[in-house]
Structures are given as structure tokens and as C-alpha cells.
Amino acid sequence: MTRTSRRQTWRLLFLISPSLFWLIVFFFLPLILVFAISFGQRGTYGGVKWVLNLENYLRFFDPLYLRIFGRSVFIALATTVICLLVGYPLAYFIANRPPRWRNGLLLFLMIPFWTNFLVRTYAWLLLLRDAGLINLFWTGPLHNLLAQLALVVPLPIWGPLLNVTSTPLKLFATDGAIIIGLVYAWLPDMVLPCYAAIERLDYSLVEAAQDLYANRLKSFLRVILPLTMSGIVAGSVLVFIPSLGAYVTPDLLGGAKSIMIGNVIYSQFMSARDYPFGSAISFVLMAVMLVGTLIYFRMGKE
Amino acid sequence: MAEYAVELREVSKHFGPVVAVDTVSLSIGDGEFFSLLGPSGCGKTTTLRLIAGFELPTQGDVYIDGQLQGETPPYRRPVNTVFQNYALFPHMTVFQNVAFGLEMQKVPKEEIRQRVLAALEMVQLPGMENRKPDQLSGGQQQRIALARALVNRPKVLLLDEPLGALDLKLRKAMQLELKALQHRVGITFIYVTHDQEEALTMSERIAVMHKGRVLQMGPPAEIYEQPADRFVADFIGETNFLEGRVSEVRAGEVTVLVDGALEVPVPATANVVGGQQTTLAIRPEKISLHASPHDLPALPGRIEEVIYIGTDTRYLVRLTEQTMVMVREQNLGAGDMVRFHTGQPVYVSWVFGCARLLTE
């Protein structure tokens, strides 16, 4: 190594030292700690007994946890797909506005997120629960309106419709409620990367496709979609990972029945005081996310 | 077969308050090499986009091969475009790029393969099928863009400044190649350029555009030799403009008094009136210099500046206090090419018909 390149290496090390320090102390060391604990054993009164065993990892494969884990993956996937179906067209719309409109529209997207996450999730609770706003409308004005209509225009459909609207919808404490809450929470994380990719797209390529006899659908599938795939991949990862590990949203909107793997980890640490098992689940979750993300990125490249 | 490959009938395009194309009428023949020439913002690219279908006219009608286009989308028009930045699909190989149009038209696989390979052969890039566009040089990308359009055998090929991004030498070579290619395939080319030399070199006919209007349309020699107005004379090649007043009108000849001192005879144009303010245009290469008054009617002057530029020598000659003309002498023969020197008195003359009276 020459003297100048060695000096450059030192200079680089110096420049990254703050972030390096941060990563080591607050990320890498705790991770090692959690990894070590995951091989331990729960002490009689909580705490950790340092015995090396794989018991915690084996316990994860109990059907009870596997079912919760499977449901978590399903909810996270559903959240990601819905975010994509809602977020991509929205990003496309914003990216195709005149430049002076775009930042304003993105700002509108962000405004709700200036409010505390917990408060926003509680707001959904108020909307979705049995005596919530949606059900008040469903069993109140909507039901009455249908009853009035039934008096004016006699049709056979009114009977079943009145029947359905007479009882509140079961929205709260379902997987659906969790998915709604998660989509709401992570939608901007899908829109922003998609927007960045779509905005960067050279529109003359779309014109070239149309010039070469591709109709709107074909030019979308063959040109726009593949060229904005990087945004879709990034957005999906950004939505899927926090959704899979979600804790607050299922806790508030899932009720007692619908829980996700994040809630299990929480309860291991906070109620059961089984640190080793909680650590083991955390590590399994991380491994699944890592593998999933790698596969997904590779898919996006092709 | 329709009479014209492309016909525009009083087509206008407005973008809000901006009139990009203003009542343009064009009739472009089958197999013709037609150029739209003008400075940037003159409406030439918009005109091309109106033919391709990327824009729809605010007023007027576009016909392709005799068919009224109306609101026909670009993907149903029998034209293909070579874009200014080539617009090659970066995620596809060269083969996939060239095959794209045929695939969309559901041409059988084997035929696609044959036609794509033939098209690559035609643009002299065989064996490049598996490259990605970013592995090609600018000139090669240009050829692929050309192949991608021509492989579809369109009725009309639209080219939007296709050589703009290439360096001068390559551009010159491609000009000749494009011209030869057009001759070989027999497809109508509509070529947009701001480069007057390019338009003169390649086109059978040129339409000069300015501020959304077609100012003059005709073969290159006509555009150059008989510019319709001052803008055309100024935009195409170099021109000397002499401001003056019509002092005498006779049959077929008009005398213009330049700066109240210089009497210049020029061929008459229609509706010239005595006393009218007017502009004379004369090309620098049409003027000759003499050391003594020749038998030709000559105007006296003085050499103001001498510029040697290799192929020619340019002389700036002062005729009156306010008026100077640029004279361009081709450097024929051997030896000293600079015949006159700064400050030397000279006489300028030209063949009678070379000076043109311009109407504003």
C-alpha cells in the first residue's frame, strides 16, 4: 500500500468514525447480546441463566407460535400488496402532475403523519369498533335511509339489505382491522420510493413504446413497470418489514384474539419475563426478513 | 395509393396561450425526404409530434396515407419515430429493442428474428443483438434507434434531430448514410433539424419554420437562392443585408439607393413602389472583388478586415459610412490567398440577379 492511499484510508475511517461508533455501540453490541441471550434459559424469577442450549429455537416450532407467525406473514403480505395497489397509482398520479404541484401533493400525503402514531391508531379504533363511527352510520342513517326507500319503491332487495344493516359490522379485533391500520401507517413508505422511480422515468420511453404499437396497457407492462421496479421493490421491503414486526397496531386494533409475532415477543419480554425465548423469536424473525429481502431484491434485478 | 404520404391541412396547436403551430399546411409525397427546418421553439418538433399522434391538433386535420387521423392514438398510426435522445429501452437488449414493434404487432417469432437481424445488418451493426443500450456508443445507439423504427416498414419515418447528439465528423457521415438508406428503403422521411446545412445536404424539400408558421417551402436550391423573406435569408447561410429606399422603378429593374449614396440595381419583384423602404440581400460568395473598376457595374469600397479561414478568405468591405458587406472568396489555386489588404480601396460587383429585394 502506498503512503497516500494509506493516508486516504485513515481519513475515510476518521470521517465515518461517528457513524461507526453509533452502529457498534447501539446496534451491533445489543444485537450480540440478544443473540447470546437467545441461547440461555429463563431464570426462575425472570432474568437469564447462561446455559448454552437450543431449547428456545426449538420451542418456536410449536404449532401455536408457527400459526401466529404464519398469520403475521399473511397480514404483512396483504398490507404490502394493498399498499402497492393503492400507493403505486397514487405515486404515478403525483409524478405526472406539473412540477409545481408535486411537492404540495407529497406534503398532503405527509400531513397526517405529523400526528403521533399512537393517536392515529386510536382514531382508527374509534372508527372501527362496534359502536364506532362507521357502525353508527351503518346501523343509523344508512339503515334508516334504506327503510325509507323501501317504503317508496318496493323491491325484493330491501329485505336482506335492511337485515344486514340492522346489526353492526364486525370490523374491530379482526385481521382486517390490523391490515387497515398497517396500510394506513405504512402507505407513504410505499408511495415515496415509487414516486421517486416514476418521476425519474424518461417519458420519451413511454412515447417510444406507443410509437411502436404498444397500447396503454402494453406500454405500462413492458416499459413503465419494469423501469420502476426498483421503487416497487424498495417500497415493498419498507412496508413488509415493519408490518411483519408490527406491535402497536395489532395490539390496539387486533383486540385479544388477533395477535402478531411482535405481540408475542413483547409479551415474552414484558409479561412472561422469558428473555431467552423472546430473543430467539426476534432472531428467527430477523433471519426470515433477511432471507426474504435478499430473494426479493434478486427478483427485482431480473 | 394515396396522393400524399402525409398531409397537414391548416393545422394549429395551442398550448394554453402559446401557439406552437400556426395554420400549417404541408403535402409530403410518397418516398420523399422532407425536412422541417427552424430555430428551437419554431414548432418543428410539435409538427412532427402531431403527425406521430403524441399531440392532437387544436385545429385542422392530419392525413397519413390518405387517412384522416383525428384522435387516432400513436400506436395505431402507420408511422415510426426516431427520437432525439434515441429513447432505447434500457432494460432490453438490442434484439428486444428492435423486436418490440414487431412483437406488439403479433408478427410470428421466426419472422421477427429474421427481420430484426436484417434490420441490424442494414444499419451495419450485426452481432450486437445481446448488448444492452448502455454498452453502445452514441453513434451505435443512433443506428439501433433507426433499426427499431425501420424494422416495422412504416409508411412514414419521423426523425426528430436524430443526429443532434453526435460529434461533427460522425454527423456528416451519418447524414450521407441516412440519405442513402432512405433511397434504398424508399420510405418517406420527415426530418426535423435546426441545422441548415444538414437540411440542405439531405432533403428533397425543406419547410422553413419560424414562430409556428411555415415561411417557405421548396427544394434546397430554391430556399437558398431565392429566400422568401429576411428571416429565411438570414437563417439559411450567410447573407449581407443592405437597407435602402427604392429610387427608380423600370421594367424588370429597380434601383435602390442605399444610405442615400449608393445606387444599386436589382431585379424587380412584384408590387414594388418608388420611395418604398426596402432591404437588399446578397450572399457573401456571390460578390467578387476587383482592384480597379471592371466592365461590370461596380461599387467602390475599402477593405476593413481580412479573415483567412482555410477554404475561403473573407473580406469585410466598407461601402459607405454605415454599410459594410462580407465578401467570400474561395481559395482556388496555389500561393498567396490573400489578394487584398486592410485599408486597400477595392471595387465590388456581382451578377445582376444575385441581389434580391426582400419584402418584410
# chains A, B, ... in the order shown; residues from 1 in each chain; ligands from 1
$ interface_residues --of "chain A" --to "chain B" --cutoff "9 Å" --atoms "only C-alpha atoms" --output "list of chain:residue names"
A:Asp202, A:Tyr203, A:Ser204, A:Leu205, A:Val206, A:Glu207, A:Ala208, A:Ala209, A:Gln210, A:Asp211, A:Leu212, A:Tyr213, A:Ala214, A:Asn215, A:Arg216, A:Lys218, A:Val223, A:Pro226, A:Leu227
$ residues_around --residues "Met217 of chain B" --least-positions-apart "5" --cutoff "10 Å" --atoms "only C-alpha atoms" --output "ChimeraX atom specification"
/B:26,34-37,205-209,222-223,227-228
$ atom_distance --atom1 "atom CA of Phe231 of chain B" --atom2 "atom CA of Leu157 of chain B"
28.3 Å
$ residues_around --residues "Thr278 of chain B" --least-positions-apart "5" --cutoff "9 Å" --atoms "only C-alpha atoms" --output "VMD selection string"
chain B and resid 242 to 246 256 357 to 360
$ write_last_selection --atoms "C-alpha atoms" --output "short mmCIF file (atom, residue, chain, number, x, y, z; two decimals), in the first residue's frame"
data_model
loop_
_atom_site.label_atom_id
_atom_site.label_comp_id
_atom_site.auth_asym_id
_atom_site.auth_seq_id
_atom_site.Cartn_x
_atom_site.Cartn_y
_atom_site.Cartn_z
CA LEU B 242 -28.40 46.44 -47.25
CA GLU B 243 -31.09 48.86 -46.08
CA GLY B 244 -32.28 51.41 -48.64
CA ARG B 245 -35.06 53.17 -50.45
CA VAL B 246 -36.44 52.40 -53.90
CA VAL B 256 -32.27 51.08 -54.65
CA LEU B 357 -35.17 42.63 -52.93
CA LEU B 358 -36.82 41.39 -49.73
CA THR B 359 -40.29 42.27 -48.59
CA GLU B 360 -40.65 42.27 -44.82
#
$ residues_around --residues "Val346 of chain B" --least-positions-apart "3" --cutoff "7 Å" --atoms "only C-alpha atoms" --output "PyMOL selection string"
chain B and resi 289-292+300-303
$ residues_around --residues "Gly43 of chain A" --least-positions-apart "4" --cutoff "10 Å" --atoms "only C-alpha atoms" --output "ChimeraX atom specification"
/A:47-50,273-276
$ closest_residue --among "B:Met202, B:Ala118, B:Ala281, B:Val62" --to "Lys172 of chain B" --atoms "only C-alpha atoms"
B:Met202
$ residues_around --residues "Asp65 of chain B" --least-positions-apart "3" --cutoff "8 Å" --atoms "only C-alpha atoms" --output "short mmCIF file (atom, residue, chain, number, x, y, z; two decimals) with C-alpha atoms, in the first residue's frame"
data_model
loop_
_atom_site.label_atom_id
_atom_site.label_comp_id
_atom_site.auth_asym_id
_atom_site.auth_seq_id
_atom_site.Cartn_x
_atom_site.Cartn_y
_atom_site.Cartn_z
CA MET B 1 -52.19 4.51 -53.07
CA ALA B 2 -52.88 7.93 -51.65
CA GLU B 3 -51.61 11.01 -53.37
CA TYR B 4 -49.55 12.09 -50.40
CA ALA B 5 -47.83 10.12 -47.66
CA VAL B 6 -48.61 12.86 -45.15
CA LYS B 155 -45.41 4.30 -44.20
#
$ closest_residue --among "A:Ile178, A:Val233, A:Val164, A:Leu146" --to "Ile259 of chain A" --atoms "only C-alpha atoms"
A:Ile178
$ residues_around --residues "Val348 of chain B" --least-positions-apart "6" --cutoff "6 Å" --atoms "only C-alpha atoms" --output "list in words"
Ser288, Leu289, Ala298 and Leu299 of chain B
$ atom_distance --atom1 "atom CA of Ser219 of chain A" --atom2 "atom CA of Leu136 of chain B"
23.8 Å
$ select_by_dssp --residues "segment 45-261 of chain B" --states "helix (DSSP H, G or I)" --output "number ranges by chain"
B: 45-52, 74-76, 94-104, 109-122, 133-135, 138-150, 168-185, 196-202, 220-225, 230-235
$ select_by_dssp --residues "segment 52-240 of chain B" --states "strand (DSSP E)" --output "NGL selection string"
:B and (59-64 or 67-68 or 79-82 or 156-160 or 188-193 or 205-210 or 213-218 or 240)
$ closest_residue --among "B:Thr188, B:Thr93, B:Thr311, B:Thr193" --to "Thr45 of chain B" --atoms "only C-alpha atoms"
B:Thr193
$ decode --residues "segment 169-214 of chain A" --atoms "C-alpha atoms" --output "short mmCIF file (atom, residue, chain, number, x, y, z; two decimals), in the first residue's frame"
data_model
loop_
_atom_site.label_atom_id
_atom_site.label_comp_id
_atom_site.auth_asym_id
_atom_site.auth_seq_id
_atom_site.Cartn_x
_atom_site.Cartn_y
_atom_site.Cartn_z
CA LEU A 169 -70.32 -4.80 11.23
CA LYS A 170 -67.62 -6.85 12.87
CA LEU A 171 -64.64 -4.67 12.00
CA PHE A 172 -62.71 -4.26 15.21
CA ALA A 173 -60.47 -7.06 16.52
CA THR A 174 -60.07 -8.75 13.14
CA ASP A 175 -57.12 -9.33 10.83
CA GLY A 176 -58.86 -6.87 8.51
CA ALA A 177 -58.67 -4.13 11.14
CA ILE A 178 -54.95 -4.77 11.60
CA ILE A 179 -54.39 -4.67 7.84
CA ILE A 180 -56.31 -1.39 7.55
CA GLY A 181 -54.24 0.09 10.35
CA LEU A 182 -50.95 -1.12 8.86
CA VAL A 183 -51.79 0.07 5.33
CA TYR A 184 -52.65 3.44 6.77
CA ALA A 185 -49.42 3.55 8.76
CA TRP A 186 -47.02 2.49 6.01
CA LEU A 187 -48.60 3.83 2.83
CA PRO A 188 -46.16 6.77 2.49
CA ASP A 189 -43.27 4.33 2.68
CA MET A 190 -44.66 2.74 -0.47
CA VAL A 191 -45.58 5.96 -2.25
CA LEU A 192 -42.26 7.75 -1.82
CA PRO A 193 -39.93 5.17 -3.42
CA CYS A 194 -42.45 4.51 -6.18
CA TYR A 195 -42.77 8.24 -6.76
CA ALA A 196 -39.00 8.63 -6.95
CA ALA A 197 -38.76 5.83 -9.54
CA ILE A 198 -41.69 7.04 -11.63
CA GLU A 199 -40.55 10.63 -11.55
CA ARG A 200 -37.12 9.56 -12.80
CA LEU A 201 -38.65 7.61 -15.69
CA ASP A 202 -37.85 9.19 -19.05
CA TYR A 203 -41.28 9.78 -20.55
CA SER A 204 -39.94 9.56 -24.10
CA LEU A 205 -39.54 5.81 -23.45
CA VAL A 206 -43.29 5.54 -22.93
CA GLU A 207 -43.83 7.50 -26.13
CA ALA A 208 -41.38 5.21 -27.91
CA ALA A 209 -43.40 2.18 -26.76
CA GLN A 210 -46.62 3.75 -28.01
CA ASP A 211 -44.92 4.70 -31.24
CA LEU A 212 -44.01 1.01 -31.60
CA TYR A 213 -47.66 -0.09 -31.48
CA ALA A 214 -47.89 -0.78 -27.72
#
